[in-house]
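> Pasting run_13.cif here (mmCIF, C-alpha atoms):
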data_structure
#
loop_
_atom_site.label_atom_id
_atom_site.label_comp_id
_atom_site.auth_asym_id
_atom_site.auth_seq_id
_atom_site.Cartn_x
_atom_site.Cartn_y
_atom_site.Cartn_z
CA MET C 647 -76.70 -0.41 -2.11
CA GLN C 648 -78.37 -0.55 1.29
CA ASN C 649 -76.51 -1.45 4.43
CA ASN C 650 -78.99 -3.18 6.70
CA GLU C 651 -76.41 -3.95 9.37
CA PRO C 652 -76.91 -2.21 12.70
CA THR C 653 -74.39 0.49 13.55
CA PRO C 654 -71.92 -0.70 16.23
CA LEU C 655 -73.26 0.12 19.68
CA SER C 656 -69.85 1.19 20.98
CA THR C 657 -69.96 4.39 18.91
CA ALA C 658 -73.57 5.20 19.62
CA GLN C 659 -75.12 7.93 21.72
CA ALA C 660 -78.60 6.46 21.56
CA ARG C 661 -80.40 3.53 19.95
CA VAL C 662 -82.97 4.09 17.21
CA LEU C 663 -85.33 1.53 15.68
CA VAL C 664 -87.16 2.23 12.41
CA VAL C 665 -90.29 0.17 11.68
CA ASP C 666 -91.69 0.91 8.22
CA ASP C 667 -92.60 -1.29 5.26
CA ASP C 668 -91.27 1.39 2.90
CA GLU C 669 -87.63 0.37 2.45
CA GLY C 670 -86.74 3.82 1.12
CA MET C 671 -88.10 5.49 4.25
CA CYS C 672 -86.28 2.94 6.43
CA TYR C 673 -83.05 3.64 4.60
CA THR C 674 -83.49 7.41 4.90
CA LEU C 675 -84.27 7.33 8.62
CA THR C 676 -81.55 4.79 9.37
CA ARG C 677 -78.94 6.75 7.44
CA MET C 678 -79.98 10.02 9.09
CA ALA C 679 -79.66 8.50 12.57
CA GLN C 680 -76.32 6.87 11.73
CA GLU C 681 -74.95 10.20 10.51
CA GLU C 682 -75.87 11.64 13.92
CA GLY C 683 -73.85 8.83 15.54
CA TYR C 684 -76.74 6.70 16.76
CA TYR C 685 -77.01 2.91 16.77
CA THR C 686 -79.75 1.86 14.35
CA ASP C 687 -81.78 -1.14 13.35
CA GLN C 688 -84.85 -1.55 11.18
CA ALA C 689 -87.81 -3.80 10.52
CA HIS C 690 -90.12 -3.88 7.52
CA ASN C 691 -93.12 -5.42 9.29
CA LEU C 692 -94.86 -5.06 12.66
CA LYS C 693 -94.06 -8.56 13.88
CA LYS C 694 -90.30 -8.09 13.62
CA GLY C 695 -90.54 -4.47 14.74
CA LEU C 696 -92.46 -5.39 17.87
CA SER C 697 -90.02 -8.17 18.66
CA LEU C 698 -87.05 -5.82 18.35
CA ALA C 699 -88.76 -3.04 20.30
CA LEU C 700 -89.72 -5.38 23.15
CA SER C 701 -86.06 -6.31 23.55
CA GLY C 702 -85.71 -3.03 25.44
CA LYS C 703 -82.59 -2.05 23.51
CA PHE C 704 -83.98 1.10 21.88
CA ASP C 705 -84.40 4.67 23.08
CA VAL C 706 -86.44 5.91 20.12
CA LEU C 707 -88.78 4.12 17.73
CA PHE C 708 -89.88 5.56 14.38
CA LEU C 709 -93.14 3.71 13.71
CA ASP C 710 -95.19 3.73 10.52
CA VAL C 711 -98.97 3.62 10.84
CA ARG C 712 -99.95 1.57 7.79
CA MET C 713 -98.06 -1.69 7.56
CA PRO C 714 -98.89 -4.87 5.59
CA ASP C 715 -99.47 -6.84 8.80
CA GLY C 716 -101.45 -4.21 10.72
CA SER C 717 -101.44 -0.71 12.12
CA GLY C 718 -98.46 0.62 14.01
CA LEU C 719 -100.93 2.38 16.30
CA ASP C 720 -102.17 -1.01 17.52
CA ILE C 721 -98.83 -1.85 19.15
CA VAL C 722 -98.37 1.50 20.91
CA PRO C 723 -100.13 0.45 24.16
CA ARG C 724 -97.98 -2.68 24.40
CA LEU C 725 -94.81 -0.66 23.88
CA GLN C 726 -95.87 1.94 26.42
CA SER C 727 -96.46 -0.77 29.02
CA MET C 728 -92.77 -1.74 28.95
CA SER C 729 -90.75 -0.95 32.09
CA ASN C 730 -88.50 1.35 30.04
CA PRO C 731 -90.39 2.12 26.82
CA PRO C 732 -88.80 3.86 23.85
CA GLU C 733 -89.99 7.30 22.82
CA ILE C 734 -92.27 6.68 19.84
CA ILE C 735 -92.33 8.92 16.78
CA ILE C 736 -95.22 8.06 14.48
CA ILE C 737 -94.59 8.35 10.74
CA ALA C 738 -97.96 9.03 9.15
CA GLY C 739 -99.18 9.55 5.64
CA TYR C 740 -101.62 12.40 5.10
CA SER C 741 -104.63 10.08 5.35
CA ASP C 742 -103.38 8.74 8.71
CA GLN C 743 -103.22 12.09 10.51
CA GLY C 744 -106.31 11.56 12.67
CA GLY C 745 -104.95 8.35 14.14
CA ALA C 746 -101.51 9.85 14.57
CA LYS C 747 -102.90 12.84 16.45
CA THR C 748 -104.85 10.47 18.70
CA ALA C 749 -101.64 8.55 19.35
CA VAL C 750 -99.84 11.74 20.38
CA LYS C 751 -102.64 12.46 22.84
CA SER C 752 -102.17 8.96 24.25
CA GLY C 753 -98.49 9.46 24.91
CA VAL C 754 -96.35 8.95 21.83
CA TRP C 755 -93.62 11.52 21.52
CA ASP C 756 -94.44 13.00 18.12
CA TYR C 757 -95.81 12.34 14.68
CA VAL C 758 -94.25 13.30 11.39
CA GLU C 759 -96.24 13.44 8.19
CA LYS C 760 -94.96 11.70 5.05
CA PRO C 761 -93.27 12.82 2.96
CA ALA C 762 -91.09 14.29 5.68
CA ARG C 763 -88.19 16.67 5.41
CA ILE C 764 -84.90 15.46 6.88
CA ASP C 765 -84.59 18.50 9.13
CA ALA C 766 -88.04 17.81 10.63
CA LEU C 767 -87.07 14.18 11.25
CA LYS C 768 -83.76 15.17 12.86
CA LEU C 769 -85.46 17.72 15.08
CA SER C 770 -88.06 15.23 16.24
CA LEU C 771 -85.36 12.65 16.97
CA LYS C 772 -83.18 15.10 18.90
CA ARG C 773 -86.12 16.31 20.97
CA ALA C 774 -87.11 12.74 21.81
CA LEU C 775 -83.66 12.08 23.21
#
In structure tokens, what does this structure look like?


Amino acid sequence: MQNNEPTPLSTAQARVLVVDDDEGMCYTLTRMAQEEGYYTDQAHNLKKGLSLALSGKFDVLFLDVRMPDGSGLDIVPRLQSMSNPPEIIIIAGYSDQGGAKTAVKSGVWDYVEKPARIDALKLSLKRAL
């Protein structure tokens, strides 16, 4: 059973947002971050993800490229224009690598190819913080 409730902020070292339409990937990333002691939240579409990210409450954003309501890459410039933007880690499928590499060149922190190993995800998260 999934727990979609955010981790209490009082016990958190950093705040992590996961935006991915794949609920399994959201669960995996959220659980991984919670186990590291981070506050987490998640969104399964770009609209909600962008709204949460623009709240300014997050230090790191895991962002999927292909979403039902658009491309995660399309919201990167808006996120980067924030006064205190989160570090963005792109989660890309194999076919999305070209766009993900372009995003890294434009300032996102990292990209991780799906399917991703937990240790690679943890390392990317720790480096972003």

> Fewer than 6 positions away in the same chain doesn't count, so skip those; otherwise give me all residues within 12 Å of region 682-691 of chain C, counting all atoms listed in the file, as a PyMOL selection string.

chain C and resi 648-676+697-699+703-718+721+767-769+771-772+775

> In terms of the shortest atom-to-atom distance over all atoms listed in the file, which of C:Ala679, C:Ala774, C:Ile735, C:Leu719 is closest to Asp756 (chain C)?

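Once distances to Asp756 (chain C) are computed over all atoms listed in the file, the minimum belongs to C:Ile735.
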
> CA of Ala766 (chain C) and CA of Val722 (chain C) are how many Å apart?

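For CA of Ala766 (chain C) relative to CA of Val722 (chain C), the distance reads 21.9 Å.
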
> Taking only C-alpha atoms into account, which of C:Arg677, C:Lys694, C:Val754, C:Pro761 comes nearest Pro732 (chain C)?

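Nearest candidate to Pro732 (chain C) out of C:Arg677, C:Lys694, C:Val754, C:Pro761: C:Val754.
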
> Any idea what the distance is between CA of Gln726 (chain C) and CA of Lys760 (chain C)?

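Between these atoms lies a distance of 23.5 Å.
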
> CA of Ser727 (chain C) and CA of Glu759 (chain C) are how many Å apart?

25.2 Å

> Given only C-alpha atoms as the basis, pick out the residue of C:Val758, C:Thr748, C:Met678, C:Pro723 nearest to Ile736 (chain C).

C:Val758

> Would you mind telling me which residue in C:Asp720, C:Met728, C:Leu696, C:Arg773 lies nearest to Trp755 (chain C) when using only C-alpha atoms?

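The shortest atom-to-atom distance to Trp755 (chain C) comes from C:Arg773.
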